[in-house]
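What follows is the content of coords_26.cif, which has mmCIF, N, CA and C atoms:
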```
data_data
loop_
_atom_site.label_atom_id
_atom_site.label_comp_id
_atom_site.auth_asym_id
_atom_site.auth_seq_id
_atom_site.Cartn_x
_atom_site.Cartn_y
_atom_site.Cartn_z
N MET A 1 -87.06 20.28 -60.53
CA MET A 1 -86.17 19.30 -61.14
C MET A 1 -86.46 17.92 -60.53
N PRO A 2 -86.67 16.92 -61.35
CA PRO A 2 -86.97 15.57 -60.84
C PRO A 2 -85.84 15.05 -59.95
N LYS A 3 -86.22 14.36 -58.90
CA LYS A 3 -85.24 13.78 -57.98
C LYS A 3 -84.80 12.41 -58.47
N SER A 4 -83.62 12.02 -58.06
CA SER A 4 -83.10 10.70 -58.40
C SER A 4 -83.90 9.62 -57.66
N ALA A 5 -83.73 8.39 -58.10
CA ALA A 5 -84.39 7.27 -57.43
C ALA A 5 -83.92 7.17 -55.98
N LEU A 6 -82.63 7.38 -55.74
CA LEU A 6 -82.11 7.28 -54.38
C LEU A 6 -82.71 8.37 -53.48
N ALA A 7 -82.74 9.61 -53.95
CA ALA A 7 -83.31 10.69 -53.14
C ALA A 7 -84.80 10.43 -52.88
N THR A 8 -85.50 9.90 -53.88
CA THR A 8 -86.92 9.57 -53.70
C THR A 8 -87.07 8.46 -52.66
N ALA A 9 -86.23 7.44 -52.74
CA ALA A 9 -86.28 6.35 -51.77
C ALA A 9 -86.00 6.87 -50.36
N GLN A 10 -85.04 7.75 -50.24
CA GLN A 10 -84.72 8.31 -48.93
C GLN A 10 -85.89 9.12 -48.38
N LEU A 11 -86.57 9.87 -49.24
CA LEU A 11 -87.74 10.64 -48.80
C LEU A 11 -88.87 9.71 -48.36
N ILE A 12 -89.06 8.62 -49.08
CA ILE A 12 -90.08 7.63 -48.69
C ILE A 12 -89.76 7.06 -47.31
N CYS A 13 -88.50 6.72 -47.09
CA CYS A 13 -88.08 6.19 -45.79
C CYS A 13 -88.24 7.23 -44.69
N LEU A 14 -87.89 8.47 -44.99
CA LEU A 14 -88.06 9.54 -44.00
C LEU A 14 -89.53 9.76 -43.68
N ASN A 15 -90.39 9.63 -44.66
CA ASN A 15 -91.83 9.75 -44.44
C ASN A 15 -92.30 8.69 -43.46
N SER A 16 -91.83 7.45 -43.63
CA SER A 16 -92.23 6.38 -42.71
C SER A 16 -91.66 6.64 -41.30
N TYR A 17 -90.46 7.16 -41.23
CA TYR A 17 -89.84 7.49 -39.95
C TYR A 17 -90.67 8.56 -39.22
N LEU A 18 -91.08 9.58 -39.95
CA LEU A 18 -91.88 10.65 -39.36
C LEU A 18 -93.23 10.11 -38.88
N TYR A 19 -93.80 9.17 -39.62
CA TYR A 19 -95.05 8.55 -39.21
C TYR A 19 -94.86 7.77 -37.91
N GLU A 20 -93.75 7.03 -37.81
CA GLU A 20 -93.43 6.31 -36.57
C GLU A 20 -93.37 7.27 -35.38
N LYS A 21 -92.73 8.42 -35.59
CA LYS A 21 -92.60 9.41 -34.52
C LYS A 21 -93.96 9.96 -34.13
N GLU A 22 -94.85 10.18 -35.09
CA GLU A 22 -96.21 10.64 -34.80
C GLU A 22 -96.92 9.60 -33.93
N LEU A 23 -96.77 8.33 -34.28
CA LEU A 23 -97.40 7.26 -33.49
C LEU A 23 -96.88 7.26 -32.06
N GLU A 24 -95.58 7.45 -31.91
CA GLU A 24 -94.99 7.47 -30.57
C GLU A 24 -95.57 8.61 -29.73
N GLU A 25 -95.75 9.77 -30.36
CA GLU A 25 -96.27 10.93 -29.62
C GLU A 25 -97.74 10.77 -29.28
N THR A 26 -98.53 10.26 -30.20
CA THR A 26 -99.97 10.19 -29.97
C THR A 26 -100.39 8.96 -29.19
N LYS A 27 -99.68 7.87 -29.32
CA LYS A 27 -100.07 6.63 -28.64
C LYS A 27 -99.13 6.26 -27.51
N MET A 28 -98.13 7.09 -27.31
CA MET A 28 -97.18 6.88 -26.22
C MET A 28 -96.49 5.52 -26.27
N LYS A 29 -96.23 5.02 -27.46
CA LYS A 29 -95.50 3.76 -27.56
C LYS A 29 -94.66 3.75 -28.82
N GLU A 30 -93.57 3.00 -28.75
CA GLU A 30 -92.70 2.84 -29.90
C GLU A 30 -93.29 1.80 -30.83
N LYS A 31 -93.26 2.08 -32.10
CA LYS A 31 -93.75 1.11 -33.08
C LYS A 31 -92.88 1.21 -34.32
N LYS A 32 -92.28 0.09 -34.70
CA LYS A 32 -91.48 0.03 -35.92
C LYS A 32 -92.43 -0.26 -37.08
N LEU A 33 -92.47 0.65 -38.01
CA LEU A 33 -93.31 0.49 -39.19
C LEU A 33 -92.58 -0.46 -40.15
N THR A 34 -93.16 -1.64 -40.39
CA THR A 34 -92.49 -2.64 -41.22
C THR A 34 -93.15 -2.83 -42.58
N ARG A 35 -94.33 -2.23 -42.76
CA ARG A 35 -94.99 -2.29 -44.06
C ARG A 35 -95.97 -1.13 -44.17
N PHE A 36 -96.10 -0.64 -45.39
CA PHE A 36 -97.04 0.45 -45.63
C PHE A 36 -97.32 0.57 -47.11
N ARG A 37 -98.34 1.36 -47.42
CA ARG A 37 -98.73 1.62 -48.80
C ARG A 37 -98.47 3.08 -49.12
N LEU A 38 -98.21 3.34 -50.38
CA LEU A 38 -98.03 4.70 -50.88
C LEU A 38 -98.90 4.88 -52.11
N SER A 39 -99.53 6.01 -52.22
CA SER A 39 -100.28 6.30 -53.44
C SER A 39 -99.31 6.69 -54.55
N LYS A 40 -99.77 6.56 -55.76
CA LYS A 40 -98.97 6.99 -56.91
C LYS A 40 -98.66 8.49 -56.78
N LYS A 41 -99.64 9.24 -56.31
CA LYS A 41 -99.45 10.69 -56.14
C LYS A 41 -98.33 10.99 -55.15
N THR A 42 -98.28 10.24 -54.05
CA THR A 42 -97.22 10.45 -53.06
C THR A 42 -95.84 10.19 -53.67
N VAL A 43 -95.72 9.13 -54.46
CA VAL A 43 -94.44 8.84 -55.11
C VAL A 43 -94.11 9.95 -56.11
N CYS A 44 -95.10 10.45 -56.82
CA CYS A 44 -94.87 11.56 -57.76
C CYS A 44 -94.38 12.80 -57.01
N VAL A 45 -95.01 13.10 -55.87
CA VAL A 45 -94.61 14.26 -55.08
C VAL A 45 -93.19 14.09 -54.55
N CYS A 46 -92.88 12.91 -54.01
CA CYS A 46 -91.54 12.65 -53.47
C CYS A 46 -90.46 12.73 -54.55
N SER A 47 -90.81 12.30 -55.75
CA SER A 47 -89.82 12.28 -56.84
C SER A 47 -89.82 13.55 -57.66
N ASP A 48 -90.79 14.42 -57.41
CA ASP A 48 -90.96 15.66 -58.19
C ASP A 48 -91.13 15.33 -59.67
N ARG A 49 -91.96 14.33 -59.94
CA ARG A 49 -92.24 13.89 -61.32
C ARG A 49 -93.73 13.85 -61.54
N MET A 50 -94.14 14.17 -62.74
CA MET A 50 -95.56 14.08 -63.09
C MET A 50 -95.91 12.69 -63.58
N VAL A 51 -94.94 12.01 -64.18
CA VAL A 51 -95.14 10.68 -64.73
C VAL A 51 -94.07 9.76 -64.15
N LEU A 52 -94.51 8.58 -63.71
CA LEU A 52 -93.56 7.59 -63.17
C LEU A 52 -93.28 6.56 -64.25
N ARG A 53 -92.18 6.72 -64.93
CA ARG A 53 -91.82 5.79 -66.01
C ARG A 53 -91.29 4.48 -65.43
N ALA A 54 -91.44 3.42 -66.20
CA ALA A 54 -91.02 2.09 -65.76
C ALA A 54 -89.55 2.06 -65.37
N ALA A 55 -88.70 2.72 -66.13
CA ALA A 55 -87.25 2.72 -65.84
C ALA A 55 -86.99 3.38 -64.49
N PHE A 56 -87.70 4.48 -64.20
CA PHE A 56 -87.53 5.14 -62.91
C PHE A 56 -88.01 4.23 -61.78
N LEU A 57 -89.16 3.57 -61.96
CA LEU A 57 -89.69 2.68 -60.93
C LEU A 57 -88.74 1.51 -60.67
N ASP A 58 -88.10 1.00 -61.73
CA ASP A 58 -87.08 -0.05 -61.55
C ASP A 58 -85.92 0.46 -60.71
N ASP A 59 -85.46 1.68 -61.02
CA ASP A 59 -84.37 2.28 -60.25
C ASP A 59 -84.78 2.54 -58.81
N LEU A 60 -86.04 2.96 -58.63
CA LEU A 60 -86.55 3.22 -57.29
C LEU A 60 -86.63 1.92 -56.49
N GLN A 61 -87.07 0.86 -57.15
CA GLN A 61 -87.13 -0.44 -56.49
C GLN A 61 -85.73 -0.86 -56.02
N ASP A 62 -84.73 -0.69 -56.88
CA ASP A 62 -83.34 -1.01 -56.51
C ASP A 62 -82.84 -0.14 -55.36
N ALA A 63 -83.17 1.16 -55.42
CA ALA A 63 -82.74 2.08 -54.36
C ALA A 63 -83.39 1.72 -53.03
N MET A 64 -84.68 1.39 -53.07
CA MET A 64 -85.38 1.00 -51.84
C MET A 64 -84.77 -0.27 -51.26
N LEU A 65 -84.46 -1.23 -52.12
CA LEU A 65 -83.85 -2.47 -51.66
C LEU A 65 -82.49 -2.19 -51.02
N GLY A 66 -81.74 -1.27 -51.62
CA GLY A 66 -80.45 -0.88 -51.05
C GLY A 66 -80.58 -0.26 -49.66
N LEU A 67 -81.75 0.31 -49.38
CA LEU A 67 -82.00 0.91 -48.07
C LEU A 67 -82.70 -0.07 -47.11
N GLY A 68 -82.94 -1.30 -47.61
CA GLY A 68 -83.53 -2.32 -46.75
C GLY A 68 -85.02 -2.51 -46.88
N TRP A 69 -85.61 -2.03 -47.98
CA TRP A 69 -87.05 -2.10 -48.17
C TRP A 69 -87.39 -2.73 -49.52
N ASN A 70 -88.40 -3.60 -49.55
CA ASN A 70 -88.96 -4.11 -50.80
C ASN A 70 -90.02 -3.13 -51.26
N PHE A 71 -90.02 -2.79 -52.53
CA PHE A 71 -90.94 -1.81 -53.10
C PHE A 71 -91.58 -2.45 -54.32
N PHE A 72 -92.90 -2.43 -54.39
CA PHE A 72 -93.59 -3.08 -55.51
C PHE A 72 -94.92 -2.40 -55.78
N GLN A 73 -95.38 -2.54 -57.00
CA GLN A 73 -96.66 -1.94 -57.38
C GLN A 73 -97.80 -2.90 -57.07
N LEU A 74 -98.89 -2.36 -56.54
CA LEU A 74 -100.08 -3.14 -56.21
C LEU A 74 -101.08 -3.08 -57.35
N SER A 75 -102.07 -3.94 -57.32
CA SER A 75 -103.03 -4.04 -58.42
C SER A 75 -103.85 -2.77 -58.61
N ASP A 76 -104.01 -1.96 -57.57
CA ASP A 76 -104.79 -0.73 -57.70
C ASP A 76 -103.94 0.46 -58.16
N GLY A 77 -102.67 0.22 -58.47
CA GLY A 77 -101.79 1.29 -58.95
C GLY A 77 -100.97 1.94 -57.85
N SER A 78 -101.32 1.67 -56.59
CA SER A 78 -100.52 2.20 -55.49
C SER A 78 -99.29 1.31 -55.31
N PHE A 79 -98.51 1.60 -54.29
CA PHE A 79 -97.27 0.86 -54.07
C PHE A 79 -97.24 0.28 -52.67
N GLY A 80 -96.65 -0.89 -52.55
CA GLY A 80 -96.45 -1.53 -51.27
C GLY A 80 -94.99 -1.47 -50.91
N VAL A 81 -94.72 -1.30 -49.63
CA VAL A 81 -93.35 -1.24 -49.14
C VAL A 81 -93.27 -2.16 -47.91
N VAL A 82 -92.32 -3.08 -47.93
CA VAL A 82 -92.15 -4.03 -46.83
C VAL A 82 -90.68 -4.03 -46.43
N TRP A 83 -90.44 -3.92 -45.13
CA TRP A 83 -89.08 -3.95 -44.61
C TRP A 83 -88.46 -5.30 -44.93
N GLU A 84 -87.31 -5.29 -45.58
CA GLU A 84 -86.66 -6.51 -46.09
C GLU A 84 -86.48 -7.60 -45.03
N PRO A 85 -85.97 -7.29 -43.84
CA PRO A 85 -85.80 -8.36 -42.85
C PRO A 85 -87.13 -9.05 -42.49
N ARG A 86 -88.23 -8.33 -42.56
CA ARG A 86 -89.53 -8.92 -42.25
C ARG A 86 -89.92 -9.96 -43.30
N SER A 87 -89.62 -9.69 -44.55
CA SER A 87 -90.01 -10.63 -45.61
C SER A 87 -89.18 -11.92 -45.56
N LYS A 88 -88.03 -11.87 -44.93
CA LYS A 88 -87.22 -13.08 -44.81
C LYS A 88 -87.85 -14.10 -43.86
N ALA A 89 -88.80 -13.66 -43.04
CA ALA A 89 -89.48 -14.56 -42.11
C ALA A 89 -90.72 -15.20 -42.74
N TRP A 90 -91.07 -14.81 -43.95
CA TRP A 90 -92.25 -15.37 -44.61
C TRP A 90 -92.03 -16.83 -44.96
N THR A 91 -93.11 -17.57 -45.06
CA THR A 91 -93.05 -18.95 -45.49
C THR A 91 -92.53 -19.00 -46.91
N LYS A 92 -91.61 -19.90 -47.16
CA LYS A 92 -91.04 -20.06 -48.50
C LYS A 92 -91.57 -21.36 -49.09
N LEU A 93 -92.20 -21.27 -50.24
CA LEU A 93 -92.75 -22.44 -50.90
C LEU A 93 -91.82 -22.94 -52.00
N SER A 94 -91.67 -24.27 -52.06
CA SER A 94 -90.90 -24.86 -53.15
C SER A 94 -91.89 -25.48 -54.14
N SER A 95 -91.38 -25.97 -55.24
CA SER A 95 -92.24 -26.57 -56.27
C SER A 95 -92.53 -28.05 -56.02
N LYS A 96 -91.99 -28.62 -54.94
CA LYS A 96 -92.14 -30.06 -54.73
C LYS A 96 -93.60 -30.49 -54.62
N ARG A 97 -94.46 -29.63 -54.05
CA ARG A 97 -95.87 -29.98 -53.95
C ARG A 97 -96.53 -30.09 -55.33
N LEU A 98 -96.03 -29.35 -56.27
CA LEU A 98 -96.58 -29.41 -57.63
C LEU A 98 -96.11 -30.67 -58.35
N LYS A 99 -94.93 -31.14 -58.00
CA LYS A 99 -94.39 -32.36 -58.62
C LYS A 99 -95.13 -33.60 -58.14
N ASN A 100 -95.53 -33.59 -56.88
CA ASN A 100 -96.23 -34.74 -56.29
C ASN A 100 -97.54 -34.26 -55.68
N SER A 101 -98.45 -33.84 -56.52
CA SER A 101 -99.68 -33.21 -56.06
C SER A 101 -100.72 -34.22 -55.63
N ILE A 102 -101.46 -33.87 -54.58
CA ILE A 102 -102.61 -34.68 -54.17
C ILE A 102 -103.85 -34.33 -55.00
N LEU A 103 -103.75 -33.31 -55.81
CA LEU A 103 -104.90 -32.84 -56.59
C LEU A 103 -105.14 -33.64 -57.85
N VAL A 104 -104.07 -34.16 -58.44
CA VAL A 104 -104.17 -34.93 -59.68
C VAL A 104 -103.16 -36.07 -59.63
N GLU A 105 -103.35 -37.00 -60.51
CA GLU A 105 -102.36 -38.08 -60.61
C GLU A 105 -101.14 -37.53 -61.33
N GLY A 106 -99.98 -37.72 -60.75
CA GLY A 106 -98.74 -37.25 -61.38
C GLY A 106 -98.45 -35.80 -61.02
N SER A 107 -97.59 -35.22 -61.80
CA SER A 107 -97.09 -33.87 -61.56
C SER A 107 -97.98 -32.82 -62.21
N LEU A 108 -98.36 -31.81 -61.43
CA LEU A 108 -99.09 -30.68 -62.00
C LEU A 108 -98.22 -29.93 -63.02
N LEU A 109 -96.92 -29.97 -62.81
CA LEU A 109 -96.01 -29.26 -63.71
C LEU A 109 -96.00 -29.86 -65.12
N ARG A 110 -96.42 -31.10 -65.25
CA ARG A 110 -96.42 -31.78 -66.55
C ARG A 110 -97.79 -31.74 -67.23
N LYS A 111 -98.77 -31.10 -66.60
CA LYS A 111 -100.11 -31.04 -67.17
C LYS A 111 -100.20 -29.94 -68.21
N SER A 112 -101.19 -30.04 -69.08
CA SER A 112 -101.43 -29.00 -70.09
C SER A 112 -102.00 -27.75 -69.41
N GLU A 113 -101.97 -26.65 -70.11
CA GLU A 113 -102.52 -25.42 -69.55
C GLU A 113 -104.01 -25.56 -69.27
N GLU A 114 -104.73 -26.30 -70.12
CA GLU A 114 -106.16 -26.51 -69.91
C GLU A 114 -106.39 -27.32 -68.62
N GLN A 115 -105.56 -28.33 -68.40
CA GLN A 115 -105.69 -29.14 -67.18
C GLN A 115 -105.36 -28.31 -65.93
N ILE A 116 -104.33 -27.48 -66.03
CA ILE A 116 -103.96 -26.61 -64.92
C ILE A 116 -105.10 -25.66 -64.61
N ASP A 117 -105.69 -25.09 -65.66
CA ASP A 117 -106.81 -24.17 -65.49
C ASP A 117 -107.99 -24.86 -64.80
N SER A 118 -108.27 -26.08 -65.19
CA SER A 118 -109.37 -26.83 -64.59
C SER A 118 -109.12 -27.10 -63.11
N VAL A 119 -107.92 -27.53 -62.77
CA VAL A 119 -107.58 -27.79 -61.37
C VAL A 119 -107.63 -26.48 -60.57
N TYR A 120 -107.10 -25.42 -61.14
CA TYR A 120 -107.11 -24.12 -60.46
C TYR A 120 -108.55 -23.69 -60.15
N ASN A 121 -109.42 -23.78 -61.17
CA ASN A 121 -110.82 -23.36 -60.98
C ASN A 121 -111.55 -24.22 -59.96
N SER A 122 -111.16 -25.48 -59.83
CA SER A 122 -111.80 -26.32 -58.81
C SER A 122 -111.33 -25.95 -57.40
N CYS A 123 -110.13 -25.42 -57.29
CA CYS A 123 -109.59 -25.03 -55.98
C CYS A 123 -109.96 -23.60 -55.60
N PHE A 124 -110.05 -22.74 -56.61
CA PHE A 124 -110.35 -21.32 -56.38
C PHE A 124 -111.58 -20.94 -57.18
N PRO A 125 -112.74 -20.89 -56.53
CA PRO A 125 -113.96 -20.54 -57.27
C PRO A 125 -113.86 -19.13 -57.83
N LYS A 126 -114.61 -18.90 -58.86
CA LYS A 126 -114.62 -17.57 -59.48
C LYS A 126 -115.05 -16.54 -58.43
N ILE A 127 -114.57 -15.32 -58.60
CA ILE A 127 -114.86 -14.26 -57.64
C ILE A 127 -116.37 -14.05 -57.51
N GLU A 128 -117.09 -14.07 -58.62
CA GLU A 128 -118.54 -13.86 -58.58
C GLU A 128 -119.20 -14.95 -57.74
N ASP A 129 -118.75 -16.20 -57.89
CA ASP A 129 -119.32 -17.32 -57.14
C ASP A 129 -119.02 -17.16 -55.64
N ALA A 130 -117.82 -16.72 -55.32
CA ALA A 130 -117.44 -16.54 -53.92
C ALA A 130 -118.27 -15.44 -53.27
N VAL A 131 -118.54 -14.36 -54.00
CA VAL A 131 -119.34 -13.27 -53.48
C VAL A 131 -120.77 -13.74 -53.23
N GLU A 132 -121.32 -14.52 -54.15
CA GLU A 132 -122.68 -15.05 -53.98
C GLU A 132 -122.76 -15.96 -52.77
N ASP A 133 -121.73 -16.77 -52.54
CA ASP A 133 -121.70 -17.68 -51.40
C ASP A 133 -121.69 -16.92 -50.07
N GLU A 134 -121.05 -15.75 -50.05
CA GLU A 134 -120.96 -14.96 -48.82
C GLU A 134 -122.28 -14.28 -48.49
N GLU A 135 -123.10 -14.03 -49.49
CA GLU A 135 -124.35 -13.29 -49.25
C GLU A 135 -125.44 -14.13 -48.70
#
```

Rewrite the structure from the file as structure tokens, please.
Amino acid sequence: MPKSALATAQLICLNSYLYEKELEETKMKEKKLTRFRLSKKTVCVCSDRMVLRAAFLDDLQDAMLGLGWNFFQLSDGSFGVVWEPRSKAWTKLSSKRLKNSILVEGSLLRKSEEQIDSVYNSCFPKIEDAVEDEE
């Protein structure tokens, strides 16, 4: 029988707790796990589901947040989990730099999509170009 989002979230948290305990035993030190990745398969096993529907993932995200964890899907299909208090220490960016940009005259927010694309490409070279530069 499929587990609820809350029970799945609790199992995910318990899994991280057990991992912390393993680290303590093998490395003889306490370590608070503040971020980790989960495979889609692990979430399926924890939830006792074969398919992870969007509605369930939304509920799971809410349940994880209620337990103090941010839960999100990564580009490779796996999931990232970050302890909520840790993310509060991250740098917070406002839009003021876009309003008064050193990259163009005037506000980047008022530029056309083509102009934004051009500025973006000048700041962030294409992945293929970056790979060639590294070789």

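Nearest residue to A:Val43 among A:Leu18, A:Val81, A:Ala89, A:Ile12 is A:Ile12, counting all atoms listed in the file.
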
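Going from atom CA of A:Leu60 over to atom N of A:Lys41, you cover 14.4 Å.
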
Using backbone DSSP assignments, extract all strand (DSSP E) residues from chain A; output them as a PyMOL selection string. chain A and resi 35-38+69-73+79-83

Using only N, CA and C atoms for the distances, tell me which of A:Thr26, A:Thr34, A:Ser4, A:Ser47 is nearest to A:Ser87. A:Thr34

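Here atom N of A:Leu65 is placed at a distance of 18.8 Å from atom CA of A:Val45.
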
Picked residues, the PyMOL selection byres (((chain A and resi 66-78 and name CA) around 12) and name CA), as a PyMOL selection string: chain A and resi 5-14+16+33-44+52+54+57-65+79-88

Considering only N, CA and C atoms, return as number ranges by chain whatever protein or nucleic-acid residues lie within 7 Å of A:Lys99, sequence-local ones (same chain, fewer than 4 positions apart) excluded. A: 95, 106-109

Could you write out that same residue set with N, CA and C atoms as an mmCIF file, in the frame of the given file?
```cif
data_model
loop_
_atom_site.group_PDB
_atom_site.id
_atom_site.type_symbol
_atom_site.label_atom_id
_atom_site.label_comp_id
_atom_site.auth_asym_id
_atom_site.auth_seq_id
_atom_site.Cartn_x
_atom_site.Cartn_y
_atom_site.Cartn_z
ATOM 1 N N SER A 95 -91.380 -25.970 -55.240
ATOM 2 C CA SER A 95 -92.240 -26.570 -56.270
ATOM 3 C C SER A 95 -92.530 -28.050 -56.020
ATOM 4 N N GLY A 106 -99.980 -37.720 -60.750
ATOM 5 C CA GLY A 106 -98.740 -37.250 -61.380
ATOM 6 C C GLY A 106 -98.450 -35.800 -61.020
ATOM 7 N N SER A 107 -97.590 -35.220 -61.800
ATOM 8 C CA SER A 107 -97.090 -33.870 -61.560
ATOM 9 C C SER A 107 -97.980 -32.820 -62.210
ATOM 10 N N LEU A 108 -98.360 -31.810 -61.430
ATOM 11 C CA LEU A 108 -99.090 -30.680 -62.000
ATOM 12 C C LEU A 108 -98.220 -29.930 -63.020
ATOM 13 N N LEU A 109 -96.920 -29.970 -62.810
ATOM 14 C CA LEU A 109 -96.010 -29.260 -63.710
ATOM 15 C C LEU A 109 -96.000 -29.860 -65.120
#
```

Interatomic distance (Å, one decimal) between atom CA of A:Ser122 and atom C of A:Leu103: 9.9 Å
